[in-house]
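J.: Okay, here's the structure, questions in a sec.
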Amino acid sequence: MAAIGRFQRGEEIFHAKVVDGELFKLKGDVFGSPSFEKKPMPARGLKLLTPVAPSKVIAVGLNYADHARESGLDLPKEPLFWFKAPTSLIPDGAKIEIPFATHRVDFEAELAIVIGRRVRNVTPAAAARYIFGYTAAQDISDRTIQNAESQWARAKSFDTFTPLGPYIETKIDPHDLSIQLFQNGQLRQNSNTSQLIFNCFSLVSFISTNMTLLPGDVILTGTPSGVGPIQSGDRLEVRIQSLAPLVNMVK
């Protein structure tokens, strides 16, 4: 498998493999041993969804040293994580909505891990076996609320605050990927996942010691330096190496 997307036609929701712009519908469980139709399906009338519908979205903070510095915070000794509401998820092409016009709201480009198998207490060395793949994401953040509270979930869980997708890439090494964010065509964030303080396998291991991770669960791995405010009309594009770009407008 390579790039896997999730789509809707009428009342039917399904996964499909994306090859050179053509869609091959999945047969069976995407997290099991799926097969795909040999003939591409017509794309007309399809709606792109987030690539998974997770039971939980886990966000990791201060996982790039440069972002910790720009935030004026010490480097964490262990991964710092919190939950984002699954209702905050939106797909590629959907609009990000700013809930309070007077608040500062920031973009944050991130690499997202998608869990593929139920896992608890896994070692970093074995974590890759439980990862289905990777996709692009944003952890949109209301800084006004975040800076006023000790818990970050509310500031980061508004509807539309977690763009995700468009597809899951199942065959990449997550440890050396360029990660960039463009705001209205201007490069704002530019780093590499090699700069993560806690890499993807370490994150899955650490989080799995605290809770059971289920197929489809999403882990946002942190954002590099360069975060900045958004406003209505902005076009935000996350580019991660060879992954399909994630593009969303701000409303």
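Ordering of the structure tokens sets the chain letters (A, B, ...), residue numbers begin anew at 1 in every chain, and ligands are numbered from 1 in the order given.
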Using only C-alpha atoms, determine which residues lie at most 8 Å from Ala244 in chain A, disregarding the query and same-chain residues fewer than 2 positions distant; provide the list as a list in words.

T.: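 Everything that qualifies: Gly165, Pro166, Tyr167, Arg239, Ile240, Ser242 and Leu246 of chain A.
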
J.: Residues near range 39-43 of chain A, anyone? I mean within 7 Å using only C-alpha atoms, not counting same-chain ones fewer than 5 positions away, as a CSV table (one decimal) with N, CA and C atoms, in the first residue's frame.

T.:
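What ended up in out_37.csv:
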chain,number,residue,atom,x,y,z
A,22,GLU,N,-5.7,8.5,-9.5
A,22,GLU,CA,-6.8,7.5,-9.7
A,22,GLU,C,-7.0,6.8,-8.4
A,23,LEU,N,-8.3,6.4,-8.2
A,23,LEU,CA,-8.7,5.8,-6.9
A,23,LEU,C,-9.1,4.4,-7.1
A,24,PHE,N,-8.6,3.5,-6.3
A,24,PHE,CA,-8.9,2.1,-6.3
A,24,PHE,C,-9.5,1.7,-5.0
A,25,LYS,N,-10.8,1.4,-5.0
A,25,LYS,CA,-11.5,1.2,-3.8
A,25,LYS,C,-11.1,0.0,-3.0

J.: When DSSP is applied to the backbone of this structure, which of range 45-150 of chain A are assigned strand (DSSP E or B)? Write them out as a VMD selection string.

T.: chain A and resid 47 to 48 57 to 61 64 80 to 84 89 to 90 95 to 96 105 to 106 109 to 115 119 131 to 138 141 to 142

J.: Restricting it to N, CA and C atoms, dump the selection as an mmCIF file, in the first residue's frame.

T.:
data_model
loop_
_atom_site.group_PDB
_atom_site.id
_atom_site.type_symbol
_atom_site.label_atom_id
_atom_site.label_comp_id
_atom_site.auth_asym_id
_atom_site.auth_seq_id
_atom_site.Cartn_x
_atom_site.Cartn_y
_atom_site.Cartn_z
ATOM 1 N N LYS A 47 -16.672 12.912 -2.108
ATOM 2 C CA LYS A 47 -16.290 13.914 -1.117
ATOM 3 C C LYS A 47 -15.093 13.389 -0.340
ATOM 4 N N LEU A 48 -14.035 14.177 -0.255
ATOM 5 C CA LEU A 48 -12.856 13.789 0.512
ATOM 6 C C LEU A 48 -13.105 14.026 1.993
ATOM 7 N N VAL A 57 -7.476 11.945 19.447
ATOM 8 C CA VAL A 57 -6.390 12.688 18.807
ATOM 9 C C VAL A 57 -5.482 13.178 19.922
ATOM 10 N N ILE A 58 -4.221 12.777 19.854
ATOM 11 C CA ILE A 58 -3.247 13.117 20.891
ATOM 12 C C ILE A 58 -2.228 14.064 20.287
ATOM 13 N N ALA A 59 -2.058 15.212 20.902
ATOM 14 C CA ALA A 59 -1.110 16.210 20.410
ATOM 15 C C ALA A 59 0.091 16.267 21.343
ATOM 16 N N VAL A 60 1.274 16.380 20.752
ATOM 17 C CA VAL A 60 2.523 16.460 21.507
ATOM 18 C C VAL A 60 3.067 17.875 21.395
ATOM 19 N N GLY A 61 3.454 18.451 22.524
ATOM 20 C CA GLY A 61 3.920 19.835 22.531
ATOM 21 C C GLY A 61 5.413 19.951 22.741
ATOM 22 N N TYR A 64 10.028 20.153 19.153
ATOM 23 C CA TYR A 64 11.170 20.665 18.396
ATOM 24 C C TYR A 64 11.861 21.698 19.285
ATOM 25 N N LEU A 80 5.381 15.808 26.282
ATOM 26 C CA LEU A 80 4.249 16.539 26.844
ATOM 27 C C LEU A 80 3.076 16.368 25.888
ATOM 28 N N PHE A 81 1.988 15.765 26.349
ATOM 29 C CA PHE A 81 0.874 15.572 25.426
ATOM 30 C C PHE A 81 -0.462 15.863 26.089
ATOM 31 N N TRP A 82 -1.452 16.112 25.245
ATOM 32 C CA TRP A 82 -2.819 16.382 25.670
ATOM 33 C C TRP A 82 -3.754 15.863 24.586
ATOM 34 N N PHE A 83 -5.045 15.925 24.844
ATOM 35 C CA PHE A 83 -6.036 15.457 23.872
ATOM 36 C C PHE A 83 -6.643 16.628 23.113
ATOM 37 N N LYS A 84 -6.910 16.394 21.838
ATOM 38 C CA LYS A 84 -7.719 17.295 21.029
ATOM 39 C C LYS A 84 -9.020 16.569 20.707
ATOM 40 N N LEU A 89 -11.511 17.818 13.903
ATOM 41 C CA LEU A 89 -10.903 17.377 12.647
ATOM 42 C C LEU A 89 -11.652 17.927 11.433
ATOM 43 N N ILE A 90 -10.886 18.351 10.439
ATOM 44 C CA ILE A 90 -11.426 18.699 9.126
ATOM 45 C C ILE A 90 -10.479 18.159 8.057
ATOM 46 N N LYS A 95 -12.537 24.568 5.542
ATOM 47 C CA LYS A 95 -12.158 25.876 6.057
ATOM 48 C C LYS A 95 -11.948 25.861 7.563
ATOM 49 N N ILE A 96 -10.892 26.537 7.988
ATOM 50 C CA ILE A 96 -10.609 26.755 9.398
ATOM 51 C C ILE A 96 -11.398 27.984 9.844
ATOM 52 N N VAL A 105 -4.933 33.537 16.975
ATOM 53 C CA VAL A 105 -5.009 32.124 16.605
ATOM 54 C C VAL A 105 -3.853 31.825 15.669
ATOM 55 N N ASP A 106 -3.086 30.764 15.972
ATOM 56 C CA ASP A 106 -1.861 30.449 15.234
ATOM 57 C C ASP A 106 -1.979 29.162 14.432
ATOM 58 N N ALA A 109 2.181 23.554 11.704
ATOM 59 C CA ALA A 109 2.321 22.396 10.823
ATOM 60 C C ALA A 109 2.898 21.214 11.600
ATOM 61 N N GLU A 110 2.350 20.018 11.361
ATOM 62 C CA GLU A 110 2.808 18.839 12.097
ATOM 63 C C GLU A 110 2.741 17.577 11.235
ATOM 64 N N LEU A 111 3.640 16.644 11.521
ATOM 65 C CA LEU A 111 3.534 15.285 11.001
ATOM 66 C C LEU A 111 2.649 14.493 11.946
ATOM 67 N N ALA A 112 1.675 13.775 11.397
ATOM 68 C CA ALA A 112 0.761 12.975 12.212
ATOM 69 C C ALA A 112 1.021 11.493 12.012
ATOM 70 N N ILE A 113 1.015 10.758 13.111
ATOM 71 C CA ILE A 113 1.111 9.297 13.104
ATOM 72 C C ILE A 113 -0.300 8.733 13.143
ATOM 73 N N VAL A 114 -0.559 7.715 12.318
ATOM 74 C CA VAL A 114 -1.833 7.001 12.364
ATOM 75 C C VAL A 114 -1.569 5.580 12.864
ATOM 76 N N ILE A 115 -2.189 5.220 13.966
ATOM 77 C CA ILE A 115 -2.011 3.893 14.556
ATOM 78 C C ILE A 115 -2.780 2.860 13.726
ATOM 79 N N VAL A 119 -2.547 -1.274 20.644
ATOM 80 C CA VAL A 119 -1.222 -1.376 21.238
ATOM 81 C C VAL A 119 -1.229 -0.807 22.651
ATOM 82 N N ILE A 131 2.232 1.078 13.674
ATOM 83 C CA ILE A 131 1.939 2.323 12.960
ATOM 84 C C ILE A 131 1.448 1.987 11.560
ATOM 85 N N PHE A 132 0.284 2.501 11.216
ATOM 86 C CA PHE A 132 -0.275 2.278 9.884
ATOM 87 C C PHE A 132 0.389 3.182 8.850
ATOM 88 N N GLY A 133 0.621 4.425 9.230
ATOM 89 C CA GLY A 133 1.244 5.355 8.300
ATOM 90 C C GLY A 133 1.274 6.761 8.863
ATOM 91 N N TYR A 134 1.495 7.715 7.965
ATOM 92 C CA TYR A 134 1.721 9.104 8.366
ATOM 93 C C TYR A 134 0.966 10.036 7.418
ATOM 94 N N THR A 135 0.581 11.194 7.951
ATOM 95 C CA THR A 135 -0.098 12.188 7.130
ATOM 96 C C THR A 135 0.227 13.568 7.668
ATOM 97 N N ALA A 136 -0.176 14.593 6.921
ATOM 98 C CA ALA A 136 0.059 15.974 7.339
ATOM 99 C C ALA A 136 -1.085 16.449 8.227
ATOM 100 N N ALA A 137 -0.764 17.403 9.096
ATOM 101 C CA ALA A 137 -1.778 17.925 10.024
ATOM 102 C C ALA A 137 -1.426 19.348 10.419
ATOM 103 N N GLN A 138 -2.409 19.986 11.053
ATOM 104 C CA GLN A 138 -2.163 21.236 11.753
ATOM 105 C C GLN A 138 -2.788 21.168 13.135
ATOM 106 N N SER A 141 -4.249 26.768 17.091
ATOM 107 C CA SER A 141 -4.238 27.066 18.526
ATOM 108 C C SER A 141 -4.711 28.487 18.801
ATOM 109 N N ASP A 142 -5.684 28.613 19.693
ATOM 110 C CA ASP A 142 -6.122 29.914 20.187
ATOM 111 C C ASP A 142 -5.166 30.308 21.314
#

J.: Excluding same-chain residues fewer than 4 positions from Asn63 in chain A, what lies within 12 Å of it counting only C-alpha atoms, as a count of residues only?

T.: 33

J.: Based on DSSP run over this structure's backbone, return all residues of range 17-181 of chain A in alpha helix (DSSP H), as a list in words.

T.: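 The alpha helix (DSSP H) subset of range 17-181 of chain A is Ala65, Asp66, His67, Ala68, Arg69, Glu70, Ser71, Arg143, Thr144, Ile145, Gln146, Ala153, Arg154, Ala155 and Lys156 of chain A.
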
J.: When distances are computed from only C-alpha atoms, which of A:Gly32, A:Gly228, A:Gly216, A:Gly233 shows the smallest separation from Asp139 in chain A?

T.: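 Residue with the minimum atom-to-atom distance to Asp139 in chain A: A:Gly228.
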
J.: Which residues are close to Ala3 in chain A, i.e. within 7 Å by only C-alpha atoms, leaving aside same-chain residues fewer than 3 positions away? Reply as a list in words.

T.: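 After dropping sequence-adjacent residues, the list is Lys17, Val18, Tyr167, Ile168, Glu169 and Thr170 of chain A.
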
J.: Can those selected residues be exported to a file as a PDB file, in the first residue's frame so that it contains C-alpha atoms?

T.:
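result_31.pdb, freshly written:
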ATOM      1  CA  LYS A  17      -5.729   3.722  -2.671  1.00  0.00           C
ATOM      2  CA  VAL A  18      -4.631   6.820  -4.586  1.00  0.00           C
ATOM      3  CA  TYR A 167      -3.968  10.836   2.525  1.00  0.00           C
ATOM      4  CA  ILE A 168      -2.062   8.408   4.741  1.00  0.00           C
ATOM      5  CA  GLU A 169       1.324   7.431   3.364  1.00  0.00           C
ATOM      6  CA  THR A 170       2.151   3.899   4.497  1.00  0.00           C
TER       7      THR A 170
END

J.: What's the 10 Å shell around Ser232 in chain A, counting only C-alpha atoms, without same-chain residues fewer than 5 positions away, as number ranges by chain?

T.: A: 95-98, 101, 249-251

J.: Hey, can you check how far CA of Phe206 in chain A sits from CA of Pro245 in chain A?

T.: 28.4 Å

J.: Can you pull out every residue within 6 Å of Pro91 in chain A, counting only C-alpha atoms, but drop anything in the same chain fewer than 4 positions away, and send it as a PDB file with C-alpha atoms, in the first residue's frame?

T.:
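part.pdb written:
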ATOM      1  CA  LEU A  49     -12.943  13.095   4.265  1.00  0.00           C
ATOM      2  CA  THR A  50     -10.238  13.036   6.901  1.00  0.00           C
ATOM      3  CA  PRO A 163      -6.857  19.845   9.609  1.00  0.00           C
ATOM      4  CA  LEU A 164      -5.691  16.327   8.683  1.00  0.00           C
TER       5      LEU A 164
END

J.: Work out how far CA of Leu187 in chain A is from CA of Ile140 in chain A, in Å to one decimal.

T.: 17.1 Å

J.: Given the choices A:Met211, A:Ala85, A:Ser191, A:Ala126, which gets closest to Ala153 in chain A if the distance is worked out from only C-alpha atoms?

T.: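 Closest candidate: A:Ala85.
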
J.: Using only C-alpha atoms, pick whichever of A:Leu46, A:Leu243, A:Ala128, A:Val122 has the shortest atom-to-atom distance to Arg6 in chain A.

T.: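 The shortest atom-to-atom distance to Arg6 in chain A comes from A:Leu46.
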
J.: Determine the nearest neighbour of Arg104 in chain A from the options A:Gln241, A:Ser88, A:Thr209, A:Gln146, counting only C-alpha atoms.

T.: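 Closest candidate: A:Gln146.
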
J.: For a quick check of understanding, using only C-alpha atoms, which of A:Ser208, A:Gly72, A:Ala53, A:Gly45 has the smallest distance to His15 in chain A?

T.: A:Ala53
